[in-house]
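Novice: First the structure, which I've put down as structure tokens, then a few questions once you've had a look.
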Amino acid sequence: LVPMVSSLEEILKVKELLAEAKGELEREGTPFDRRMELGVMVEVPSAVQLADRFLREVDFLSIGTNDLIQYILAVDRSNRRVASLYEPFHPAVLAALMTTIEAGKRQGKRVAMCGEMASDPLCALLLLGMGLEEFSMGSLYIPVIKKAIRSITYQAAKSTAQIVLRMDTVGEIKRYLFEQMRQLGMVELLEMY
């Protein structure tokens, strides 16, 4: 899994280096996994825009939400003056996630997510409805996210995502998702989080 990829040239260079390393291992007689998959992190806006092209060269994508949100919104999340502008539910962020997930579906390849969004129950319902199937998170969050995902049908999550993706503001998105959690009797999950 290669981080911070922003261009197809970088992927092609990595593939060249991997082929070189595999050749060396073969010549040495050193065993290695010949079917090892290659994936790239989607952490910058250019990777979102090129997701379809990237997927022609790699086996899977993993969306790194912490950096991707920061770069889409031009917000340094560690700077106290602007950290409040770092917002996972920003419509531009959600559109970028949807673009990436749809690229994976079109290419028949996996798209995973790591980062804080994957461990937030409010996000989990939305991400599930957007078609995300692989969530990576710290073990502490697994029971909460597992419960959230099991509490809703895929069709209901998909309907929720379709509605949210048409919304224009962070406030209306959060209010709507919180109401969905309340109707599903899952508000306590947000408190646990």
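Labels for the structure tokens follow display order: chains A, B, ..., residues from 1 in each chain, ligands from 1.
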If we count only C-alpha atoms and set the cut-off at 12 Å, which residues sit around Glu172 in chain A, ignoring sequence neighbours fewer than 5 positions away in its own chain? Please answer as a ChimeraX atom specification.
Specialist: /A:89-91,163-167,177-179
Novice: Mind dumping the selected residues with all heavy atoms as a short mmCIF file (atom, residue, chain, number, x, y, z; two decimals), in the first residue's frame?
Specialist:
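The resulting file, part_6.cif, is reproduced below:
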```cif
data_model
loop_
_atom_site.label_atom_id
_atom_site.label_comp_id
_atom_site.auth_asym_id
_atom_site.auth_seq_id
_atom_site.Cartn_x
_atom_site.Cartn_y
_atom_site.Cartn_z
N PHE A 89 -17.95 15.97 7.15
CA PHE A 89 -19.27 15.99 6.50
C PHE A 89 -19.41 17.13 5.49
O PHE A 89 -20.51 17.39 5.01
CB PHE A 89 -20.38 16.06 7.54
CG PHE A 89 -20.49 14.80 8.36
CD1 PHE A 89 -20.08 14.78 9.68
CD2 PHE A 89 -20.99 13.64 7.79
CE1 PHE A 89 -20.17 13.62 10.43
CE2 PHE A 89 -21.08 12.47 8.53
CZ PHE A 89 -20.67 12.46 9.85
N HIS A 90 -18.31 17.79 5.16
CA HIS A 90 -18.36 18.84 4.15
C HIS A 90 -18.81 18.20 2.82
O HIS A 90 -18.31 17.14 2.44
CB HIS A 90 -16.98 19.48 4.01
CG HIS A 90 -16.97 20.72 3.18
ND1 HIS A 90 -17.15 20.69 1.81
CD2 HIS A 90 -16.80 22.02 3.53
CE1 HIS A 90 -17.09 21.92 1.35
NE2 HIS A 90 -16.89 22.76 2.38
N PRO A 91 -19.74 18.83 2.11
CA PRO A 91 -20.21 18.24 0.85
C PRO A 91 -19.10 17.93 -0.16
O PRO A 91 -19.19 16.94 -0.89
CB PRO A 91 -21.18 19.30 0.31
CG PRO A 91 -21.69 19.98 1.54
CD PRO A 91 -20.51 20.02 2.48
N ILE A 163 -29.81 10.83 -0.11
CA ILE A 163 -30.38 12.08 0.39
C ILE A 163 -29.27 13.02 0.84
O ILE A 163 -29.25 14.20 0.48
CB ILE A 163 -31.38 11.80 1.54
CG1 ILE A 163 -32.63 11.09 0.98
CG2 ILE A 163 -31.74 13.07 2.30
CD1 ILE A 163 -33.53 10.47 2.03
N VAL A 164 -28.31 12.51 1.61
CA VAL A 164 -27.23 13.33 2.14
C VAL A 164 -26.38 13.93 1.02
O VAL A 164 -26.00 15.10 1.08
CB VAL A 164 -26.34 12.51 3.11
CG1 VAL A 164 -25.02 13.21 3.39
CG2 VAL A 164 -27.09 12.25 4.41
N LEU A 165 -26.12 13.16 -0.02
CA LEU A 165 -25.26 13.64 -1.10
C LEU A 165 -25.90 14.79 -1.89
O LEU A 165 -25.21 15.48 -2.65
CB LEU A 165 -24.87 12.50 -2.03
CG LEU A 165 -23.88 11.51 -1.41
CD1 LEU A 165 -23.76 10.25 -2.25
CD2 LEU A 165 -22.52 12.15 -1.20
N ARG A 166 -27.19 15.02 -1.71
CA ARG A 166 -27.86 16.15 -2.35
C ARG A 166 -27.90 17.38 -1.45
O ARG A 166 -28.33 18.45 -1.88
CB ARG A 166 -29.28 15.75 -2.77
CG ARG A 166 -29.32 14.77 -3.92
CD ARG A 166 -30.72 14.60 -4.49
NE ARG A 166 -31.70 14.18 -3.52
CZ ARG A 166 -32.08 12.91 -3.30
NH1 ARG A 166 -31.53 11.94 -3.99
NH2 ARG A 166 -32.99 12.63 -2.41
N MET A 167 -27.48 17.24 -0.20
CA MET A 167 -27.53 18.35 0.75
C MET A 167 -26.36 19.31 0.54
O MET A 167 -25.30 18.91 0.06
CB MET A 167 -27.55 17.82 2.19
CG MET A 167 -28.82 17.09 2.51
SD MET A 167 -28.80 16.46 4.21
CE MET A 167 -30.48 15.89 4.34
N LEU A 177 -28.36 13.02 9.63
CA LEU A 177 -27.75 11.76 10.05
C LEU A 177 -28.04 11.47 11.52
O LEU A 177 -28.30 10.32 11.90
CB LEU A 177 -26.24 11.78 9.80
CG LEU A 177 -25.83 11.71 8.33
CD1 LEU A 177 -24.32 11.92 8.20
CD2 LEU A 177 -26.25 10.39 7.71
N PHE A 178 -28.00 12.50 12.35
CA PHE A 178 -28.31 12.31 13.77
C PHE A 178 -29.76 11.83 13.93
O PHE A 178 -30.05 10.93 14.72
CB PHE A 178 -28.08 13.59 14.57
CG PHE A 178 -28.21 13.38 16.05
CD1 PHE A 178 -27.15 12.88 16.79
CD2 PHE A 178 -29.41 13.66 16.70
CE1 PHE A 178 -27.28 12.66 18.15
CE2 PHE A 178 -29.55 13.44 18.06
CZ PHE A 178 -28.48 12.94 18.80
N GLU A 179 -30.67 12.41 13.15
CA GLU A 179 -32.08 11.99 13.19
C GLU A 179 -32.22 10.54 12.74
O GLU A 179 -33.00 9.78 13.33
CB GLU A 179 -32.94 12.92 12.31
CG GLU A 179 -34.41 12.56 12.28
CD GLU A 179 -35.09 12.55 13.65
OE1 GLU A 179 -34.63 13.24 14.58
OE2 GLU A 179 -36.10 11.82 13.80
#
```
Novice: Would you list the contacts of range 133-150 of chain A as an NGL selection string, taking every protein, DNA or RNA residue within 12 Å and counting only C-alpha atoms, but skipping same-chain residues closer than 3 positions in sequence?
Specialist: :A and (60-65 or 101-102 or 104-105 or 109-130 or 153-157 or 180-182 or 184-193)
Novice: Can you spit out the residues from that selection as a CSV table (one decimal), in the first residue's frame, using N, CA and C atoms?
Specialist:
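This is the output file result.csv:
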```
chain,number,residue,atom,x,y,z
A,60,PHE,N,-6.2,-2.3,-5.6
A,60,PHE,CA,-7.2,-1.7,-4.7
A,60,PHE,C,-6.7,-0.3,-4.3
A,61,LEU,N,-7.7,0.5,-3.7
A,61,LEU,CA,-7.4,1.8,-3.2
A,61,LEU,C,-7.8,1.8,-1.7
A,62,SER,N,-7.2,2.6,-0.9
A,62,SER,CA,-7.5,2.8,0.5
A,62,SER,C,-7.6,4.3,0.7
A,63,ILE,N,-8.8,4.8,1.1
A,63,ILE,CA,-9.0,6.2,1.3
A,63,ILE,C,-8.4,6.6,2.7
A,64,GLY,N,-7.5,7.5,2.7
A,64,GLY,CA,-6.9,8.0,3.9
A,64,GLY,C,-7.6,9.3,4.3
A,65,THR,N,-8.7,9.2,5.0
A,65,THR,CA,-9.6,10.4,5.2
A,65,THR,C,-8.9,11.6,6.0
A,101,ILE,N,-15.2,5.8,-4.4
A,101,ILE,CA,-15.9,4.5,-4.2
A,101,ILE,C,-16.6,4.0,-5.5
A,102,GLU,N,-17.2,5.0,-6.3
A,102,GLU,CA,-17.8,4.6,-7.5
A,102,GLU,C,-16.7,4.1,-8.5
A,104,GLY,N,-14.1,2.5,-7.9
A,104,GLY,CA,-13.8,1.1,-7.5
A,104,GLY,C,-14.9,0.1,-8.0
A,105,LYS,N,-16.1,0.6,-7.9
A,105,LYS,CA,-17.2,-0.3,-8.4
A,105,LYS,C,-17.2,-0.4,-9.9
A,109,LYS,N,-13.0,-3.3,-8.4
A,109,LYS,CA,-11.9,-3.4,-7.5
A,109,LYS,C,-12.3,-2.8,-6.1
A,110,ARG,N,-11.5,-3.3,-5.1
A,110,ARG,CA,-11.8,-2.9,-3.7
A,110,ARG,C,-11.4,-1.5,-3.4
A,111,VAL,N,-12.2,-0.8,-2.6
A,111,VAL,CA,-11.9,0.5,-2.0
A,111,VAL,C,-12.1,0.3,-0.5
A,112,ALA,N,-11.1,0.6,0.2
A,112,ALA,CA,-11.2,0.5,1.7
A,112,ALA,C,-11.0,2.0,2.2
A,113,MET,N,-11.2,2.1,3.5
A,113,MET,CA,-11.0,3.4,4.2
A,113,MET,C,-10.3,3.2,5.5
A,114,CYS,N,-9.3,4.1,5.7
A,114,CYS,CA,-8.7,4.1,7.0
A,114,CYS,C,-8.7,5.6,7.4
A,115,GLY,N,-8.7,5.9,8.7
A,115,GLY,CA,-8.8,7.3,9.1
A,115,GLY,C,-9.9,7.4,10.1
A,116,GLU,N,-10.1,8.5,10.7
A,116,GLU,CA,-11.1,8.7,11.7
A,116,GLU,C,-12.5,8.5,11.3
A,117,MET,N,-12.8,8.8,10.0
A,117,MET,CA,-14.2,8.7,9.5
A,117,MET,C,-14.6,7.2,9.6
A,118,ALA,N,-13.7,6.3,9.4
A,118,ALA,CA,-14.0,4.8,9.4
A,118,ALA,C,-14.5,4.4,10.8
A,119,SER,N,-14.1,5.1,11.8
A,119,SER,CA,-14.4,4.7,13.2
A,119,SER,C,-15.5,5.6,13.8
A,120,ASP,N,-16.2,6.4,13.1
A,120,ASP,CA,-17.2,7.2,13.6
A,120,ASP,C,-18.6,6.6,13.2
A,121,PRO,N,-19.4,6.3,14.2
A,121,PRO,CA,-20.7,5.6,13.8
A,121,PRO,C,-21.6,6.5,13.0
A,122,LEU,N,-21.6,7.8,13.1
A,122,LEU,CA,-22.4,8.6,12.3
A,122,LEU,C,-21.9,8.5,10.8
A,123,CYS,N,-20.6,8.5,10.6
A,123,CYS,CA,-20.1,8.3,9.3
A,123,CYS,C,-20.3,6.9,8.7
A,124,ALA,N,-20.3,5.9,9.6
A,124,ALA,CA,-20.4,4.5,9.2
A,124,ALA,C,-21.6,4.2,8.3
A,125,LEU,N,-22.8,4.8,8.8
A,125,LEU,CA,-24.0,4.5,8.1
A,125,LEU,C,-24.0,5.2,6.7
A,126,LEU,N,-23.4,6.4,6.7
A,126,LEU,CA,-23.3,7.1,5.4
A,126,LEU,C,-22.4,6.4,4.5
A,127,LEU,N,-21.2,6.0,5.0
A,127,LEU,CA,-20.2,5.3,4.1
A,127,LEU,C,-20.7,4.0,3.6
A,128,LEU,N,-21.4,3.2,4.5
A,128,LEU,CA,-22.0,2.0,4.0
A,128,LEU,C,-23.0,2.2,2.9
A,129,GLY,N,-23.8,3.3,3.0
A,129,GLY,CA,-24.8,3.6,2.0
A,129,GLY,C,-24.1,4.1,0.7
A,130,MET,N,-22.9,4.6,0.8
A,130,MET,CA,-22.2,5.1,-0.4
A,130,MET,C,-21.5,3.9,-1.1
A,153,THR,N,-30.3,-1.7,7.3
A,153,THR,CA,-30.2,-2.5,6.0
A,153,THR,C,-29.4,-1.7,5.0
A,154,TYR,N,-28.8,-2.4,4.1
A,154,TYR,CA,-28.0,-1.7,3.1
A,154,TYR,C,-28.9,-0.8,2.3
A,155,GLN,N,-30.1,-1.2,2.0
A,155,GLN,CA,-31.0,-0.3,1.2
A,155,GLN,C,-31.4,1.0,2.0
A,156,ALA,N,-31.6,0.9,3.3
A,156,ALA,CA,-31.9,2.1,4.1
A,156,ALA,C,-30.6,3.0,4.1
A,157,ALA,N,-29.4,2.4,4.3
A,157,ALA,CA,-28.2,3.1,4.3
A,157,ALA,C,-28.0,3.8,2.9
A,180,GLN,N,-31.5,10.1,11.7
A,180,GLN,CA,-31.5,8.7,11.3
A,180,GLN,C,-31.0,7.8,12.4
A,181,MET,N,-30.0,8.2,13.1
A,181,MET,CA,-29.4,7.4,14.2
A,181,MET,C,-30.5,7.3,15.3
A,182,ARG,N,-31.2,8.5,15.6
A,182,ARG,CA,-32.2,8.5,16.6
A,182,ARG,C,-33.3,7.5,16.3
A,184,LEU,N,-33.2,4.9,14.4
A,184,LEU,CA,-32.7,3.5,14.5
A,184,LEU,C,-32.4,3.1,16.0
A,185,GLY,N,-32.6,4.0,16.9
A,185,GLY,CA,-32.4,3.7,18.3
A,185,GLY,C,-30.9,3.6,18.6
A,186,MET,N,-30.1,4.4,17.9
A,186,MET,CA,-28.6,4.2,18.0
A,186,MET,C,-27.9,5.4,18.5
A,187,VAL,N,-28.6,6.4,19.1
A,187,VAL,CA,-28.0,7.6,19.6
A,187,VAL,C,-27.0,7.2,20.7
A,188,GLU,N,-27.2,6.2,21.5
A,188,GLU,CA,-26.2,5.8,22.5
A,188,GLU,C,-24.8,5.4,21.9
A,189,LEU,N,-24.8,5.0,20.6
A,189,LEU,CA,-23.6,4.7,20.0
A,189,LEU,C,-22.7,6.0,19.8
A,190,LEU,N,-23.4,7.1,19.5
A,190,LEU,CA,-22.7,8.4,19.4
A,190,LEU,C,-22.1,8.8,20.7
A,191,GLU,N,-22.9,8.5,21.8
A,191,GLU,CA,-22.4,8.8,23.1
A,191,GLU,C,-21.1,8.0,23.5
A,192,MET,N,-21.2,6.7,23.0
A,192,MET,CA,-20.1,5.8,23.3
A,192,MET,C,-18.8,6.3,22.5
A,193,TYR,N,-19.1,6.8,21.3
A,193,TYR,CA,-18.0,7.2,20.5
A,193,TYR,C,-17.3,8.5,21.1
```
Novice: Rank nothing, just name the residue among A:Glu43, A:Asp59, A:Glu10, A:Glu28 nearest to Leu97 in chain A, using only C-alpha atoms.
Specialist: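 That would be A:Glu43, the residue with the smallest distance to Leu97 in chain A.
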Novice: Contacts of Phe54 in chain A at 9 Å or less, counting only C-alpha atoms, minus same-chain residues fewer than 5 places along, as a short mmCIF file (atom, residue, chain, number, x, y, z; two decimals) with N, CA, C and O atoms, in the first residue's frame?
Specialist:
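Saved to selection-v4.cif:
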```
data_model
loop_
_atom_site.label_atom_id
_atom_site.label_comp_id
_atom_site.auth_asym_id
_atom_site.auth_seq_id
_atom_site.Cartn_x
_atom_site.Cartn_y
_atom_site.Cartn_z
N SER A 7 0.04 10.96 -8.71
CA SER A 7 0.07 10.86 -10.17
C SER A 7 0.26 9.42 -10.63
O SER A 7 0.78 8.58 -9.88
N LEU A 8 -0.13 9.17 -11.85
CA LEU A 8 0.03 7.84 -12.44
C LEU A 8 1.52 7.50 -12.60
O LEU A 8 1.92 6.35 -12.44
N ILE A 11 2.82 5.69 -9.62
CA ILE A 11 2.42 4.29 -9.57
C ILE A 11 3.27 3.46 -10.54
O ILE A 11 3.74 2.37 -10.18
N VAL A 40 -2.90 1.75 -3.51
CA VAL A 40 -2.44 3.11 -3.22
C VAL A 40 -3.42 3.79 -2.29
O VAL A 40 -4.62 3.50 -2.30
N ALA A 47 -5.57 12.33 -6.50
CA ALA A 47 -5.82 10.89 -6.49
C ALA A 47 -7.31 10.59 -6.67
O ALA A 47 -7.68 9.61 -7.30
N PHE A 60 -6.19 -2.27 -5.59
CA PHE A 60 -7.17 -1.67 -4.68
C PHE A 60 -6.75 -0.26 -4.29
O PHE A 60 -5.60 0.13 -4.50
N LEU A 61 -7.70 0.47 -3.71
CA LEU A 61 -7.45 1.79 -3.17
C LEU A 61 -7.81 1.78 -1.69
O LEU A 61 -8.71 1.05 -1.26
#
```
Novice: Which value, in Å to one decimal, gives the distance between CA of Thr30 in chain A and CA of Lys13 in chain A?
Specialist: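 CA of Lys13 in chain A lies at a distance of 23.0 Å from CA of Thr30 in chain A.
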Novice: Kindly indicate which residue among A:Ala161, A:Ser151, A:Arg175, A:Ala92 lies nearest to Ala74 in chain A, using only C-alpha atoms for the distances.
Specialist: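 Smallest separation from Ala74 in chain A among the options: A:Ala92.
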Novice: Run DSSP on the backbone of this structure and report the residues of range 37-145 of chain A it assigns to strand (DSSP E), as a PyMOL selection string.
Specialist: chain A and resi 39-42+60-64+110-114+134-136
Novice: Generate a file of the selected residues that holds all heavy atoms, formatted as a short mmCIF file (atom, residue, chain, number, x, y, z; two decimals), in the first residue's frame.
Specialist:
```cif
data_model
loop_
_atom_site.label_atom_id
_atom_site.label_comp_id
_atom_site.auth_asym_id
_atom_site.auth_seq_id
_atom_site.Cartn_x
_atom_site.Cartn_y
_atom_site.Cartn_z
N GLY A 39 -1.63 -1.64 -3.78
CA GLY A 39 -2.68 -0.64 -3.59
C GLY A 39 -2.07 0.73 -3.35
O GLY A 39 -0.88 0.83 -3.05
N VAL A 40 -2.90 1.75 -3.51
CA VAL A 40 -2.44 3.11 -3.22
C VAL A 40 -3.42 3.79 -2.29
O VAL A 40 -4.62 3.50 -2.30
CB VAL A 40 -2.23 3.96 -4.50
CG1 VAL A 40 -1.13 3.39 -5.36
CG2 VAL A 40 -3.49 4.12 -5.28
N MET A 41 -2.88 4.71 -1.51
CA MET A 41 -3.70 5.53 -0.63
C MET A 41 -4.26 6.70 -1.43
O MET A 41 -3.54 7.31 -2.22
CB MET A 41 -2.86 6.08 0.53
CG MET A 41 -2.37 5.04 1.51
SD MET A 41 -3.69 4.33 2.52
CE MET A 41 -4.14 5.73 3.53
N VAL A 42 -5.51 6.99 -1.21
CA VAL A 42 -6.15 8.17 -1.79
C VAL A 42 -6.18 9.20 -0.67
O VAL A 42 -7.02 9.14 0.21
CB VAL A 42 -7.57 7.85 -2.32
CG1 VAL A 42 -8.26 9.11 -2.81
CG2 VAL A 42 -7.51 6.80 -3.40
N PHE A 60 -6.19 -2.27 -5.59
CA PHE A 60 -7.17 -1.67 -4.68
C PHE A 60 -6.75 -0.26 -4.29
O PHE A 60 -5.60 0.13 -4.50
CB PHE A 60 -7.34 -2.54 -3.42
CG PHE A 60 -6.12 -2.61 -2.54
CD1 PHE A 60 -5.99 -1.74 -1.45
CD2 PHE A 60 -5.10 -3.52 -2.79
CE1 PHE A 60 -4.86 -1.79 -0.64
CE2 PHE A 60 -3.98 -3.58 -1.98
CZ PHE A 60 -3.86 -2.71 -0.91
N LEU A 61 -7.70 0.47 -3.71
CA LEU A 61 -7.45 1.79 -3.17
C LEU A 61 -7.81 1.78 -1.69
O LEU A 61 -8.71 1.05 -1.26
CB LEU A 61 -8.31 2.85 -3.86
CG LEU A 61 -8.13 3.06 -5.36
CD1 LEU A 61 -9.13 4.09 -5.87
CD2 LEU A 61 -6.71 3.47 -5.69
N SER A 62 -7.16 2.61 -0.92
CA SER A 62 -7.52 2.83 0.47
C SER A 62 -7.59 4.34 0.68
O SER A 62 -6.61 5.05 0.46
CB SER A 62 -6.50 2.21 1.42
OG SER A 62 -6.92 2.38 2.76
N ILE A 63 -8.76 4.81 1.07
CA ILE A 63 -8.96 6.25 1.27
C ILE A 63 -8.44 6.62 2.65
O ILE A 63 -8.93 6.11 3.66
CB ILE A 63 -10.45 6.62 1.15
CG1 ILE A 63 -11.03 6.16 -0.19
CG2 ILE A 63 -10.63 8.13 1.35
CD1 ILE A 63 -12.55 6.25 -0.27
N GLY A 64 -7.48 7.50 2.68
CA GLY A 64 -6.94 8.02 3.94
C GLY A 64 -7.64 9.33 4.26
O GLY A 64 -7.22 10.38 3.80
N ARG A 110 -11.53 -3.29 -5.08
CA ARG A 110 -11.81 -2.91 -3.70
C ARG A 110 -11.40 -1.48 -3.41
O ARG A 110 -10.38 -1.01 -3.86
CB ARG A 110 -11.07 -3.82 -2.72
CG ARG A 110 -11.50 -5.24 -2.79
CD ARG A 110 -10.82 -6.17 -1.77
NE ARG A 110 -9.70 -5.65 -1.04
CZ ARG A 110 -8.43 -5.92 -1.32
NH1 ARG A 110 -8.12 -6.66 -2.34
NH2 ARG A 110 -7.47 -5.44 -0.56
N VAL A 111 -12.23 -0.84 -2.60
CA VAL A 111 -11.90 0.47 -2.04
C VAL A 111 -12.13 0.35 -0.54
O VAL A 111 -13.22 -0.01 -0.10
CB VAL A 111 -12.77 1.60 -2.63
CG1 VAL A 111 -12.47 2.92 -1.93
CG2 VAL A 111 -12.55 1.72 -4.13
N ALA A 112 -11.10 0.61 0.22
CA ALA A 112 -11.17 0.55 1.68
C ALA A 112 -11.03 1.97 2.23
O ALA A 112 -10.77 2.90 1.49
CB ALA A 112 -10.06 -0.34 2.22
N MET A 113 -11.21 2.10 3.53
CA MET A 113 -11.02 3.39 4.17
C MET A 113 -10.30 3.21 5.49
O MET A 113 -10.63 2.32 6.28
CB MET A 113 -12.35 4.10 4.44
CG MET A 113 -12.18 5.45 5.15
SD MET A 113 -13.73 6.28 5.45
CE MET A 113 -14.12 6.79 3.78
N CYS A 114 -9.31 4.05 5.71
CA CYS A 114 -8.70 4.14 7.03
C CYS A 114 -8.71 5.62 7.41
O CYS A 114 -8.80 6.48 6.56
CB CYS A 114 -7.29 3.57 7.04
SG CYS A 114 -6.15 4.42 5.95
N GLU A 134 -15.07 -1.87 3.12
CA GLU A 134 -13.93 -2.16 4.00
C GLU A 134 -13.59 -0.95 4.85
O GLU A 134 -13.28 0.11 4.31
CB GLU A 134 -12.70 -2.57 3.18
CG GLU A 134 -12.87 -3.90 2.48
CD GLU A 134 -11.60 -4.35 1.80
OE1 GLU A 134 -10.49 -4.10 2.34
OE2 GLU A 134 -11.70 -4.94 0.71
N PHE A 135 -13.67 -1.13 6.16
CA PHE A 135 -13.38 -0.07 7.12
C PHE A 135 -12.19 -0.51 7.96
O PHE A 135 -12.18 -1.61 8.49
CB PHE A 135 -14.57 0.13 8.07
CG PHE A 135 -15.85 0.57 7.41
CD1 PHE A 135 -16.59 -0.29 6.61
CD2 PHE A 135 -16.34 1.85 7.62
CE1 PHE A 135 -17.77 0.13 6.01
CE2 PHE A 135 -17.52 2.27 7.03
CZ PHE A 135 -18.24 1.41 6.23
N SER A 136 -11.20 0.36 8.10
CA SER A 136 -10.05 0.06 8.92
C SER A 136 -10.03 1.03 10.09
O SER A 136 -10.15 2.24 9.89
CB SER A 136 -8.77 0.21 8.09
OG SER A 136 -7.64 0.02 8.91
#
```
Novice: Which one of A:Val75, A:Leu132, A:Leu25, A:Ala19 sits closest to Ala103 in chain A if you count only C-alpha atoms?
Specialist: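 Closest candidate: A:Leu132.
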